[in-house]
Structure formats: structure tokens, C-alpha cells
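The file upload10.cif contains mmCIF, C-alpha atoms:
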```cif
data_structure
loop_
_atom_site.group_PDB
_atom_site.id
_atom_site.type_symbol
_atom_site.label_atom_id
_atom_site.label_comp_id
_atom_site.auth_asym_id
_atom_site.auth_seq_id
_atom_site.Cartn_x
_atom_site.Cartn_y
_atom_site.Cartn_z
ATOM 1 C CA MET A 1 17.103 16.201 -32.604
ATOM 2 C CA HIS A 2 14.491 18.242 -34.453
ATOM 3 C CA GLY A 3 13.864 21.917 -33.928
ATOM 4 C CA PRO A 4 15.974 24.579 -32.241
ATOM 5 C CA PRO A 5 18.831 23.451 -29.943
ATOM 6 C CA ASP A 6 18.290 23.263 -26.181
ATOM 7 C CA HIS A 7 20.239 26.412 -25.327
ATOM 8 C CA GLN A 8 18.035 28.507 -27.630
ATOM 9 C CA LEU A 9 14.856 27.067 -26.164
ATOM 10 C CA LEU A 10 16.182 27.563 -22.644
ATOM 11 C CA ALA A 11 17.035 31.202 -23.395
ATOM 12 C CA LYS A 12 13.536 31.796 -24.779
ATOM 13 C CA ALA A 13 11.941 29.983 -21.842
ATOM 14 C CA ARG A 14 13.880 32.221 -19.441
ATOM 15 C CA GLU A 15 12.352 35.215 -21.219
ATOM 16 C CA GLY A 16 8.902 33.762 -20.549
ATOM 17 C CA ASP A 17 8.273 31.998 -23.857
ATOM 18 C CA GLN A 18 5.895 29.193 -22.854
ATOM 19 C CA GLN A 19 5.978 27.549 -26.259
ATOM 20 C CA ALA A 20 9.760 27.156 -25.975
ATOM 21 C CA PHE A 21 9.384 25.465 -22.591
ATOM 22 C CA ARG A 22 6.656 23.212 -23.964
ATOM 23 C CA LEU A 23 9.016 22.108 -26.745
ATOM 24 C CA LEU A 24 11.600 21.180 -24.119
ATOM 25 C CA VAL A 25 8.979 19.152 -22.226
ATOM 26 C CA GLU A 26 8.032 17.309 -25.413
ATOM 27 C CA ARG A 27 11.687 16.711 -26.280
ATOM 28 C CA TYR A 28 12.639 15.207 -22.910
ATOM 29 C CA GLU A 29 9.353 13.552 -21.917
ATOM 30 C CA GLY A 30 10.581 10.154 -23.137
ATOM 31 C CA ARG A 31 13.812 10.264 -21.212
ATOM 32 C CA VAL A 32 12.140 11.408 -18.006
ATOM 33 C CA ALA A 33 9.431 8.767 -18.514
ATOM 34 C CA ALA A 34 12.072 6.034 -18.870
ATOM 35 C CA THR A 35 13.702 7.065 -15.595
ATOM 36 C CA VAL A 36 10.553 7.577 -13.577
ATOM 37 C CA ILE A 37 8.632 4.581 -14.917
ATOM 38 C CA GLY A 38 11.743 2.445 -14.494
ATOM 39 C CA MET A 39 11.977 3.510 -10.874
ATOM 40 C CA LEU A 40 8.286 3.602 -9.916
ATOM 41 C CA GLY A 41 6.527 1.496 -12.522
ATOM 42 C CA PRO A 42 3.818 2.915 -14.781
ATOM 43 C CA GLY A 43 0.848 4.733 -13.274
ATOM 44 C CA GLU A 44 -0.458 7.999 -11.902
ATOM 45 C CA GLU A 45 2.321 8.363 -9.347
ATOM 46 C CA ALA A 46 4.961 8.132 -12.088
ATOM 47 C CA GLU A 47 3.172 10.714 -14.229
ATOM 48 C CA ASP A 48 2.849 13.049 -11.259
ATOM 49 C CA VAL A 49 6.574 12.748 -10.525
ATOM 50 C CA GLY A 50 7.289 13.271 -14.239
ATOM 51 C CA GLN A 51 5.322 16.522 -14.209
ATOM 52 C CA GLU A 52 7.111 17.631 -11.054
ATOM 53 C CA VAL A 53 10.481 17.086 -12.779
ATOM 54 C CA PHE A 54 9.584 19.723 -15.368
ATOM 55 C CA VAL A 55 8.122 22.044 -12.740
ATOM 56 C CA ARG A 56 11.488 21.867 -10.934
ATOM 57 C CA LEU A 57 13.275 22.656 -14.183
ATOM 58 C CA PHE A 58 10.972 25.631 -14.749
ATOM 59 C CA ARG A 59 11.714 26.969 -11.281
ATOM 60 C CA ALA A 60 15.450 26.519 -11.785
ATOM 61 C CA LEU A 61 15.638 27.968 -15.295
ATOM 62 C CA ASP A 62 17.713 30.934 -14.143
ATOM 63 C CA LYS A 63 20.094 28.766 -12.134
ATOM 64 C CA PHE A 64 20.607 25.995 -14.687
ATOM 65 C CA ARG A 65 24.100 26.426 -16.141
ATOM 66 C CA GLU A 66 23.863 23.920 -19.022
ATOM 67 C CA GLU A 67 27.233 22.341 -18.129
ATOM 68 C CA SER A 68 25.898 18.842 -17.603
ATOM 69 C CA GLY A 69 23.436 18.853 -20.500
ATOM 70 C CA LEU A 70 19.706 19.216 -20.013
ATOM 71 C CA GLY A 71 18.989 15.487 -20.392
ATOM 72 C CA THR A 72 21.399 14.525 -17.627
ATOM 73 C CA TYR A 73 20.126 17.364 -15.425
ATOM 74 C CA LEU A 74 16.527 16.203 -15.848
ATOM 75 C CA THR A 75 17.507 12.576 -15.234
ATOM 76 C CA ARG A 76 19.172 13.596 -11.978
ATOM 77 C CA ILE A 77 16.014 15.394 -10.826
ATOM 78 C CA ALA A 78 13.894 12.436 -11.968
ATOM 79 C CA ILE A 79 16.008 9.962 -10.005
ATOM 80 C CA ASN A 80 15.950 12.088 -6.854
ATOM 81 C CA LEU A 81 12.196 12.661 -7.005
ATOM 82 C CA SER A 82 11.607 8.969 -7.709
ATOM 83 C CA LEU A 83 13.705 7.964 -4.702
ATOM 84 C CA THR A 84 11.694 10.394 -2.553
ATOM 85 C CA ALA A 85 8.461 8.902 -3.925
ATOM 86 C CA LEU A 86 9.737 5.410 -3.088
ATOM 87 C CA GLN A 87 10.488 6.506 0.481
ATOM 88 C CA LYS A 88 6.970 7.915 0.800
ATOM 89 C CA ARG A 89 5.593 4.675 -0.634
ATOM 90 C CA LYS A 90 7.563 2.714 1.931
ATOM 91 C CA ARG A 91 6.213 4.918 4.741
ATOM 92 C CA ARG A 92 2.655 4.486 3.469
ATOM 93 C CA ALA A 93 3.147 0.714 3.332
ATOM 94 C CA TRP A 94 4.517 0.768 6.879
ATOM 95 C CA VAL A 95 1.556 2.788 8.137
ATOM 96 C CA GLY A 96 -0.735 0.495 6.147
ATOM 97 C CA ARG A 97 0.714 -2.556 7.876
ATOM 98 C CA LEU A 98 0.284 -0.897 11.263
ATOM 99 C CA THR A 99 -3.329 -0.056 10.533
ATOM 100 C CA GLY A 100 -4.057 -3.460 9.071
ATOM 101 C CA GLY A 101 -4.062 -2.481 5.391
ATOM 102 C CA GLY A 102 -0.603 -3.397 4.230
ATOM 103 C CA ARG A 103 -1.085 -2.970 0.479
ATOM 104 C CA ASP A 104 2.184 -3.235 -1.417
ATOM 105 C CA GLU A 105 1.950 -0.427 -3.949
ATOM 106 C CA GLY A 106 5.181 -1.413 -5.661
ATOM 107 C CA TRP A 107 3.867 -4.682 -6.924
ATOM 108 C CA GLN A 108 2.473 -4.977 -10.405
ATOM 109 C CA VAL A 109 0.877 -8.065 -11.795
ATOM 110 C CA PRO A 110 2.446 -8.833 -15.178
ATOM 111 C CA ASP A 111 -0.018 -8.706 -18.028
ATOM 112 C CA PRO A 112 0.627 -11.647 -20.418
ATOM 113 C CA ALA A 113 -1.385 -9.938 -23.182
ATOM 114 C CA GLU A 114 0.994 -6.967 -23.143
ATOM 115 C CA ASP A 115 4.024 -9.215 -23.493
ATOM 116 C CA GLU A 116 2.358 -11.119 -26.301
ATOM 117 C CA ALA A 117 1.804 -7.839 -28.103
ATOM 118 C CA HIS A 118 5.466 -6.845 -27.717
ATOM 119 C CA GLY A 119 6.851 -10.314 -28.429
ATOM 120 C CA ASP A 120 9.058 -10.226 -25.311
ATOM 121 C CA ASN A 121 8.754 -10.445 -21.519
ATOM 122 C CA ARG A 122 9.013 -6.741 -20.698
ATOM 123 C CA GLU A 123 5.974 -6.849 -18.389
ATOM 124 C CA TRP A 124 7.753 -9.482 -16.332
ATOM 125 C CA VAL A 125 11.017 -7.601 -16.292
ATOM 126 C CA GLN A 126 9.189 -4.381 -15.340
ATOM 127 C CA ALA A 127 7.448 -6.239 -12.515
ATOM 128 C CA GLY A 128 10.736 -7.788 -11.419
ATOM 129 C CA LEU A 129 12.430 -4.400 -11.493
ATOM 130 C CA GLN A 130 9.867 -3.067 -9.025
ATOM 131 C CA ARG A 131 10.871 -5.822 -6.620
ATOM 132 C CA LEU A 132 14.500 -4.767 -6.699
ATOM 133 C CA ASP A 133 16.094 -2.626 -4.000
ATOM 134 C CA SER A 134 16.045 1.026 -5.145
ATOM 135 C CA ARG A 135 19.873 1.295 -5.097
ATOM 136 C CA PHE A 136 20.223 -1.513 -7.633
ATOM 137 C CA ARG A 137 17.149 -0.397 -9.547
ATOM 138 C CA ALA A 138 18.541 3.098 -10.085
ATOM 139 C CA VAL A 139 21.746 1.697 -11.581
ATOM 140 C CA LEU A 140 19.895 -0.727 -13.863
ATOM 141 C CA VAL A 141 17.540 2.006 -15.027
ATOM 142 C CA LEU A 142 20.315 4.464 -15.846
ATOM 143 C CA ARG A 143 22.891 2.035 -17.162
ATOM 144 C CA LEU A 144 20.730 -0.439 -19.061
ATOM 145 C CA MET A 145 17.386 1.228 -19.737
ATOM 146 C CA GLU A 146 18.721 4.640 -20.631
ATOM 147 C CA GLY A 147 22.169 3.641 -21.828
ATOM 148 C CA TYR A 148 24.182 6.083 -19.715
ATOM 149 C CA SER A 149 27.844 5.147 -19.390
ATOM 150 C CA THR A 150 29.242 3.907 -16.102
ATOM 151 C CA LYS A 151 30.877 7.301 -15.548
ATOM 152 C CA GLU A 152 27.659 9.241 -16.263
ATOM 153 C CA THR A 153 25.656 6.891 -14.034
ATOM 154 C CA ALA A 154 28.175 7.452 -11.237
ATOM 155 C CA GLN A 155 27.876 11.233 -11.652
ATOM 156 C CA ILE A 156 24.078 11.212 -11.692
ATOM 157 C CA LEU A 157 23.848 9.023 -8.582
ATOM 158 C CA ASN A 158 26.815 10.682 -6.908
ATOM 159 C CA ILE A 159 28.581 7.383 -6.278
ATOM 160 C CA ARG A 160 31.898 5.896 -7.449
ATOM 161 C CA GLU A 161 32.257 4.111 -10.775
ATOM 162 C CA GLY A 162 33.310 0.921 -8.970
ATOM 163 C CA THR A 163 30.080 1.074 -6.973
ATOM 164 C CA VAL A 164 28.089 1.424 -10.207
ATOM 165 C CA LEU A 165 29.752 -1.700 -11.615
ATOM 166 C CA SER A 166 29.225 -3.761 -8.480
ATOM 167 C CA ARG A 167 25.597 -2.638 -8.122
ATOM 168 C CA LEU A 168 25.028 -3.373 -11.792
ATOM 169 C CA ALA A 169 26.346 -6.928 -11.418
ATOM 170 C CA ARG A 170 24.456 -7.576 -8.195
ATOM 171 C CA GLY A 171 21.321 -5.888 -9.526
ATOM 172 C CA GLN A 172 21.337 -8.064 -12.639
ATOM 173 C CA ASP A 173 21.826 -11.201 -10.563
ATOM 174 C CA LYS A 174 19.037 -10.248 -8.191
ATOM 175 C CA LEU A 175 16.700 -9.403 -11.066
ATOM 176 C CA ARG A 176 17.487 -12.795 -12.586
ATOM 177 C CA GLU A 177 16.588 -14.495 -9.293
ATOM 178 C CA ILE A 178 13.375 -12.469 -8.973
ATOM 179 C CA LEU A 179 12.340 -13.353 -12.521
ATOM 180 C CA LYS A 180 13.004 -17.034 -11.836
ATOM 181 C CA LYS A 181 10.808 -16.875 -8.734
ATOM 182 C CA LEU A 182 8.135 -15.091 -10.741
ATOM 183 C CA GLU A 183 8.264 -17.800 -13.377
ATOM 184 C CA GLU A 184 7.765 -20.414 -10.698
ATOM 185 C CA THR A 185 4.797 -18.539 -9.243
ATOM 186 C CA VAL A 186 3.105 -17.860 -12.575
ATOM 187 C CA PRO A 187 4.410 -19.922 -15.490
ATOM 188 C CA LEU A 188 6.122 -17.664 -18.031
ATOM 189 C CA ALA A 189 4.706 -19.872 -20.781
ATOM 190 C CA GLN A 190 1.404 -18.076 -20.239
ATOM 191 C CA SER A 191 2.940 -14.877 -21.500
ATOM 192 C CA LYS A 192 4.498 -16.340 -24.631
ATOM 193 C CA MET B 1 40.892 -19.812 -14.679
ATOM 194 C CA LYS B 2 38.697 -19.301 -11.658
ATOM 195 C CA LYS B 3 34.925 -19.136 -12.055
ATOM 196 C CA GLN B 4 34.799 -15.691 -10.477
ATOM 197 C CA ALA B 5 37.300 -14.294 -12.964
ATOM 198 C CA ILE B 6 35.362 -15.768 -15.891
ATOM 199 C CA HIS B 7 32.149 -14.197 -14.571
ATOM 200 C CA ARG B 8 33.949 -10.871 -14.357
ATOM 201 C CA LEU B 9 35.097 -11.264 -17.962
ATOM 202 C CA LEU B 10 31.548 -12.105 -19.001
ATOM 203 C CA ARG B 11 30.222 -8.896 -17.439
ATOM 204 C CA GLN B 12 33.056 -6.878 -18.930
ATOM 205 C CA SER B 13 32.183 -8.287 -22.339
ATOM 206 C CA LEU B 14 28.675 -6.873 -21.921
ATOM 207 C CA GLU B 15 30.131 -3.435 -21.111
ATOM 208 C CA GLY B 16 32.428 -3.326 -24.148
ATOM 209 C CA PRO B 17 34.920 -5.296 -26.267
ATOM 210 C CA LEU B 18 37.490 -7.397 -24.385
ATOM 211 C CA ALA B 19 41.223 -7.622 -25.043
ATOM 212 C CA PRO B 20 41.905 -10.449 -27.561
ATOM 213 C CA GLY B 21 43.406 -12.761 -24.907
ATOM 214 C CA ASP B 22 40.471 -12.256 -22.521
ATOM 215 C CA HIS B 23 38.004 -12.703 -25.358
ATOM 216 C CA LEU B 24 39.562 -16.062 -26.226
ATOM 217 C CA ARG B 25 39.532 -17.186 -22.582
ATOM 218 C CA LEU B 26 35.852 -16.264 -22.268
ATOM 219 C CA GLU B 27 34.908 -18.027 -25.502
ATOM 220 C CA LYS B 28 36.700 -21.208 -24.360
ATOM 221 C CA ALA B 29 34.946 -21.095 -21.001
ATOM 222 C CA LEU B 30 31.588 -20.549 -22.689
ATOM 223 C CA ALA B 31 32.171 -23.488 -25.040
ATOM 224 C CA ARG B 32 32.580 -25.924 -22.155
ATOM 225 C CA ASP B 33 30.132 -24.483 -19.602
ATOM 226 C CA PRO B 34 26.382 -24.568 -20.443
ATOM 227 C CA ALA B 35 25.557 -22.711 -17.201
ATOM 228 C CA LEU B 36 27.783 -19.836 -18.283
ATOM 229 C CA GLN B 37 26.088 -19.817 -21.676
ATOM 230 C CA ALA B 38 22.710 -19.629 -19.964
ATOM 231 C CA LEU B 39 23.924 -16.776 -17.759
ATOM 232 C CA ARG B 40 25.133 -14.820 -20.781
ATOM 233 C CA ALA B 41 21.862 -15.427 -22.629
ATOM 234 C CA ASP B 42 19.884 -14.259 -19.574
ATOM 235 C CA LEU B 43 21.961 -11.127 -19.108
ATOM 236 C CA LEU B 44 21.739 -10.226 -22.793
ATOM 237 C CA ALA B 45 17.970 -10.790 -22.831
ATOM 238 C CA GLN B 46 17.616 -8.745 -19.644
ATOM 239 C CA ARG B 47 19.620 -5.894 -21.155
ATOM 240 C CA ASP B 48 17.635 -5.928 -24.400
ATOM 241 C CA THR B 49 14.314 -5.996 -22.567
ATOM 242 C CA LEU B 50 15.317 -3.151 -20.268
ATOM 243 C CA ARG B 51 16.421 -1.126 -23.292
ATOM 244 C CA ALA B 52 13.065 -1.852 -24.973
ATOM 245 C CA ILE B 53 11.199 -0.694 -21.855
ATOM 246 C CA GLY B 54 13.305 2.477 -21.797
ATOM 247 C CA THR B 55 12.743 3.397 -25.415
ATOM 248 C CA SER B 56 8.998 2.774 -25.305
ATOM 249 C CA ALA B 57 8.383 4.522 -21.964
ATOM 250 C CA THR B 58 5.808 7.297 -22.151
ATOM 251 C CA PHE B 59 3.514 9.091 -19.761
ATOM 252 C CA GLY B 60 0.558 8.891 -22.092
ATOM 253 C CA PRO B 61 -1.325 11.526 -24.057
ATOM 254 C CA PHE B 62 -1.326 15.266 -23.307
ATOM 255 C CA PHE B 63 1.622 15.071 -20.913
ATOM 256 C CA ALA B 64 3.155 18.358 -22.114
ATOM 257 C CA ALA B 65 -0.231 20.084 -21.859
ATOM 258 C CA LYS B 66 -0.639 18.799 -18.309
ATOM 259 C CA VAL B 67 2.790 20.129 -17.352
ATOM 260 C CA MET B 68 1.977 23.535 -18.827
ATOM 261 C CA ARG B 69 -1.322 23.610 -16.937
ATOM 262 C CA ARG B 70 0.447 22.655 -13.733
ATOM 263 C CA LEU B 71 2.925 25.483 -14.251
ATOM 264 C CA GLN B 72 0.040 27.970 -14.345
ATOM 265 C CA SER B 73 -1.034 26.880 -10.876
ATOM 266 C CA VAL B 74 2.397 26.274 -9.436
ATOM 267 C CA PRO B 75 3.042 28.196 -6.217
ATOM 268 C CA GLU B 76 5.888 30.642 -5.957
ATOM 269 C CA ALA B 77 9.274 28.905 -5.796
ATOM 270 C CA ILE B 78 10.860 28.803 -2.343
ATOM 271 C CA PRO B 79 13.933 31.034 -2.369
ATOM 272 C CA GLU B 80 17.111 30.518 -0.352
ATOM 273 C CA GLY B 81 18.638 32.114 2.755
ATOM 274 C CA TRP B 82 17.123 35.282 4.158
ATOM 275 C CA GLU B 83 14.540 35.370 1.377
ATOM 276 C CA ALA B 84 13.461 31.850 2.329
ATOM 277 C CA LEU B 85 12.950 33.003 5.926
ATOM 278 C CA MET B 86 10.892 35.970 4.811
ATOM 279 C CA PHE B 87 8.981 33.705 2.446
ATOM 280 C CA ALA B 88 8.152 31.380 5.339
ATOM 281 C CA PHE B 89 7.018 34.327 7.490
ATOM 282 C CA ARG B 90 4.865 35.651 4.661
ATOM 283 C CA ARG B 91 3.181 32.277 4.448
ATOM 284 C CA VAL B 92 2.324 32.136 8.172
ATOM 285 C CA SER B 93 1.705 35.852 8.699
ATOM 286 C CA LEU B 94 -1.973 35.837 7.676
ATOM 287 C CA PRO B 95 -2.970 32.775 9.759
ATOM 288 C CA ALA B 96 -0.999 34.240 12.685
ATOM 289 C CA LEU B 97 -2.802 37.579 12.374
ATOM 290 C CA VAL B 98 -6.165 35.795 12.327
ATOM 291 C CA MET B 99 -5.180 33.853 15.469
ATOM 292 C CA VAL B 100 -4.163 37.046 17.276
ATOM 293 C CA LEU B 101 -7.435 38.749 16.349
ATOM 294 C CA LEU B 102 -9.452 35.736 17.522
ATOM 295 C CA ALA B 103 -7.523 35.674 20.803
ATOM 296 C CA ALA B 104 -8.127 39.418 21.272
ATOM 297 C CA ILE B 105 -11.871 38.995 20.649
ATOM 298 C CA LEU B 106 -11.960 36.105 23.132
ATOM 299 C CA VAL B 107 -10.215 38.185 25.800
ATOM 300 C CA LEU B 108 -12.486 41.149 25.181
ATOM 301 C CA SER B 109 -15.633 39.024 25.441
ATOM 302 C CA SER B 110 -14.550 37.153 28.585
ATOM 303 C CA GLU B 111 -12.757 39.945 30.498
ATOM 304 C CA SER B 112 -14.703 42.932 29.157
ATOM 305 C CA SER B 113 -11.362 44.653 29.139
ATOM 306 C CA PHE B 114 -8.488 45.122 26.794
ATOM 307 C CA THR B 115 -5.724 45.996 29.252
ATOM 308 C CA TRP B 116 -2.300 44.347 29.420
ATOM 309 C CA ASP B 117 -3.385 42.373 32.518
ATOM 310 C CA ALA B 118 -6.418 41.065 30.701
ATOM 311 C CA LEU B 119 -4.430 40.134 27.622
ATOM 312 C CA THR B 120 -1.572 38.344 29.358
ATOM 313 C CA GLY B 121 -3.391 37.121 32.464
ATOM 314 C CA LEU B 122 -0.593 38.603 34.620
ATOM 315 C CA GLU B 123 -0.963 41.314 37.179
ATOM 316 C CA ALA B 124 1.260 44.326 36.747
ATOM 317 C CA ILE B 125 4.580 43.677 38.505
ATOM 318 C CA SER B 126 6.640 46.550 39.821
ATOM 319 C CA ALA B 127 10.387 46.573 40.489
ATOM 320 C CA ALA B 128 9.622 46.723 44.241
ATOM 321 C CA ASP B 129 7.647 43.457 44.030
ATOM 322 C CA VAL B 130 10.582 41.725 42.389
ATOM 323 C CA TRP B 131 13.052 43.129 44.948
ATOM 324 C CA SER B 132 10.929 42.052 47.924
ATOM 325 C CA ASP B 133 10.735 38.514 46.491
ATOM 326 C CA VAL B 134 14.517 38.404 46.147
ATOM 327 C CA THR B 135 15.159 39.572 49.710
ATOM 328 C CA VAL B 136 12.669 37.082 51.118
ATOM 329 C CA THR B 137 14.430 34.257 49.269
ATOM 330 C CA LEU B 138 17.841 35.390 50.508
#
```

Here is the file; what I need is its structure written in the form of C-alpha cells.
Amino acid sequence: MHGPPDHQLLAKAREGDQQAFRLLVERYEGRVAATVIGMLGPGEEAEDVGQEVFVRLFRALDKFREESGLGTYLTRIAINLSLTALQKRKRRAWVGRLTGGGRDEGWQVPDPAEDEAHGDNREWVQAGLQRLDSRFRAVLVLRLMEGYSTKETAQILNIREGTVLSRLARGQDKLREILKKLEETVPLAQSK
Amino acid sequence: MKKQAIHRLLRQSLEGPLAPGDHLRLEKALARDPALQALRADLLAQRDTLRAIGTSATFGPFFAAKVMRRLQSVPEAIPEGWEALMFAFRRVSLPALVMVLLAAILVLSSESSFTWDALTGLEAISAADVWSDVTVTL
């Protein structure tokens, strides 16, 4: 980690130092992006939620006790806001179906060119992840994308460690099934 | 060893190193089961890809600047408890005052009066009126 430690930046930010807060935003943008984009997929909605995460931190600067670590604290906010955004998305889809629209905002079409550029199938996995139930998705994002331990994942999601492990196993199996179905729909060979 | 137990060992091996005996059991099972090998390869690839997505995730350019701009226009934070109640009242007080004034103007223009009767639409009721109603009912 470059620059002053978090607690110094937090202390300065509490005193109204905007530059200190900006440094914190820059330091944790990647982690928040991983959580939010993992949960919602890339796009404007994810960026909006990402911004809101830091607004919430700013509002809670005086209350934040630094016991859990800023990264974990921000991840918790990011997960909660993402789950709220997913609920809103679901409501919009429901209303859309009622009114004859019915657009599924969670669906992304994998871009073979992107995967070719990366030399892997991350576009497919990202698309498959968006098809996964949010309970499983949250565990996969925290445990596998961000590398939190089972214990940390359980604390962030406020569930038991055993539940994390079972959701991880089931989530991985379901993602595997989804990816297989995707391959059948659009041959994966196109992306290689 | 049952298939379910082997699958559990496989997942445990992805979480961290296994005990030597379990490791050996898993390796033996993998050596004779191509489906298990495929499962392990899939899970490893899935994990690596998810990690790659996580490390490369970004919101795009000027994110920090956008957050700082948003903070300039962010409304006052909603406090808790009594303060939250007062905060809510403060937020509705101006629209409520405007509504009351509009209602008063409407009454004044239609009734040409600004008495209690005109405002409420009720005639003045005395204690005697109430008492007579009660005795009639009884």
C-alpha cells in the first residue's frame, strides 16, 4: 500500500480534508469495483452503486470505528447496496413484464473479442455469474473474486461459515451448468 | 470411498492443503475417474477466471473525481432517533406551509370570510347542542 495508512487518511478526512478522502476512494476503488461489478455486471448502474458506497462512507466517517478494516467495511456496504440494486432490478423487470416490456437487465451478451484480448473466457464467466441467484453470486464474488476467507465472507454476509461453504459448492456447480448451457447456445469456440 | 466424500475432498483441496491421507485418496480417485478430473479442471479454471475478473475490475476513468463531485451535491445525511423525526418534519414543513396557505386563499376567495366556520366548514357547536343530542339519543 502506497501513501499514508488508512487511519491517518480517515482522521484527516474527518477534519474535512477532501484530498485525504479522495486518496481513500482511489485506494479502494478496485476492491469496491470487484464487488459491485461482480454482483451487478459492468455498466452505469454498477458505477452509480460504486459512487454511493463512498458517499455512505463519507456520511459515516464519524461513526466508523476501524475495527473491521476499511476494505471489509466498504465491501459490506457494496454488497448490501448491490443486493438492493438487484431487488430494484427485479421489481423493474416484474413491472416490465406486466406492461409488456419484460427486458432482462441482468443479461449480458458475452463479447468474444474481449475474451480473445484477455486469452480466457472471463466474458462468459461474467455473463454466467449474472445468471446466478444473488445468494450464490455474493459468496462467489467474495470468496473467489476477492479472495476473502470463508470466515470473512461469513462475517460480511452475516451468515454461518457452513452456509458459505455450501453456497460456494452449489454456486460453483450452478455456474458450471450455466456456462455449459451458454456454450451450447453460442459455441465457446467463437471466443477462443 | 463414496463419490460424495471424494467430491467433498476435491472442494476442500481447492480451499487449502489436505491431510496426507486425504490427499492420497483424492489423487487415487482422480487417477481413475476422468469425470472427476474434468470437474477439478473446471473448478480451477472458474476460480482463476473469477480472480482475474476481480483483479481487473474498474469503474473507468475519473471515478474518484465523480465521487468527489457527488459529495459536493450530496444532501444532508439522515440522522437517527429524534433528530431523524425533526429532519423529516423539516423536509415536509415548507410544502405543508404552502398547502396551508393555498387552502386559506381558496377559503377566502370562495367564502369571502376567514372565520373558523369558513375554514373548517363546521358550524360553531356549543355544549348545550351536544347535551341535547345526547338526551335525545337516550

Where does chain B meet chain A within 10 Å, residue by residue, with the nearest atom pair and distance in Å to one decimal for each, counting all atoms listed in the file, listed by chain and rising number, as CSV?
```
residue,atom,partner,partner_atom,distance
B:His7,CA,A:Ala169,CA,9.8
B:Arg8,CA,A:Ala169,CA,9.1
B:Arg11,CA,A:Ala169,CA,7.4
B:Gln12,CA,A:Leu165,CA,9.6
B:Glu15,CA,A:Thr150,CA,8.9
B:Leu39,CA,A:Arg176,CA,9.2
B:Asp42,CA,A:Arg176,CA,7.5
B:Leu43,CA,A:Gln172,CA,7.2
B:Ala45,CA,A:Asp120,CA,9.3
B:Gln46,CA,A:Val125,CA,7.5
B:Arg47,CA,A:Leu144,CA,5.9
B:Asp48,CA,A:Leu144,CA,8.3
B:Thr49,CA,A:Arg122,CA,5.7
B:Leu50,CA,A:Met145,CA,4.9
B:Arg51,CA,A:Met145,CA,4.4
B:Ala52,CA,A:Met145,CA,7.5
B:Ile53,CA,A:Arg122,CA,6.5
B:Gly54,CA,A:Met145,CA,4.7
B:Thr55,CA,A:Ala34,CA,7.1
B:Ser56,CA,A:Ala34,CA,7.8
B:Ala57,CA,A:Ala34,CA,5.0
B:Thr58,CA,A:Ala33,CA,5.3
B:Phe59,CA,A:Glu47,CA,5.8
B:Gly60,CA,A:Glu47,CA,8.5
B:Phe62,CA,A:Glu26,CA,9.8
B:Phe63,CA,A:Gln51,CA,7.8
B:Ala64,CA,A:Val25,CA,5.9
B:Ala65,CA,A:Arg22,CA,7.9
B:Lys66,CA,A:Gln51,CA,7.6
B:Val67,CA,A:Gln51,CA,5.4
B:Met68,CA,A:Arg22,CA,7.0
B:Arg70,CA,A:Val55,CA,7.8
B:Leu71,CA,A:Val55,CA,6.4
B:Val74,CA,A:Val55,CA,7.8
B:Glu76,CA,A:Arg59,CA,8.7
B:Ala77,CA,A:Arg59,CA,6.3
B:Ile78,CA,A:Arg59,CA,9.2
```

Please measure the separation of atom CA of Leu40 of chain A and atom CA of Ile156 of chain A, giving the value in Å to one decimal.
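Separating atom CA of Leu40 of chain A from atom CA of Ile156 of chain A is a distance of 17.6 Å.
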
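Pairwise distance (atom CA of Phe89 of chain B, atom CA of Leu102 of chain B) equals 19.3 Å.
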
Using the chain letters and residue numbers of this document, give as number ranges by chain the residues selected by the PyMOL selection byres ((chain B and resi 3) around 12).
B: 1-2, 4-10, 25-26, 29-30, 33, 35-36

State, in Å with one decimal place, the distance from atom CA of Ile77 of chain A to atom CA of Val49 of chain A.
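Separation between atom CA of Ile77 of chain A and atom CA of Val49 of chain A: 9.8 Å.
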
Edge lengths and centre in Å to one decimal, as lines of an AutoDock Vina configuration file, of the axis-aligned box that encloses all listed atoms of segment 167-184 of chain A with 8 Å added on every side?
```
center_x = 17.1
center_y = -11.5
center_z = -10.7
size_x = 34.6
size_y = 33.8
size_z = 21.3
```
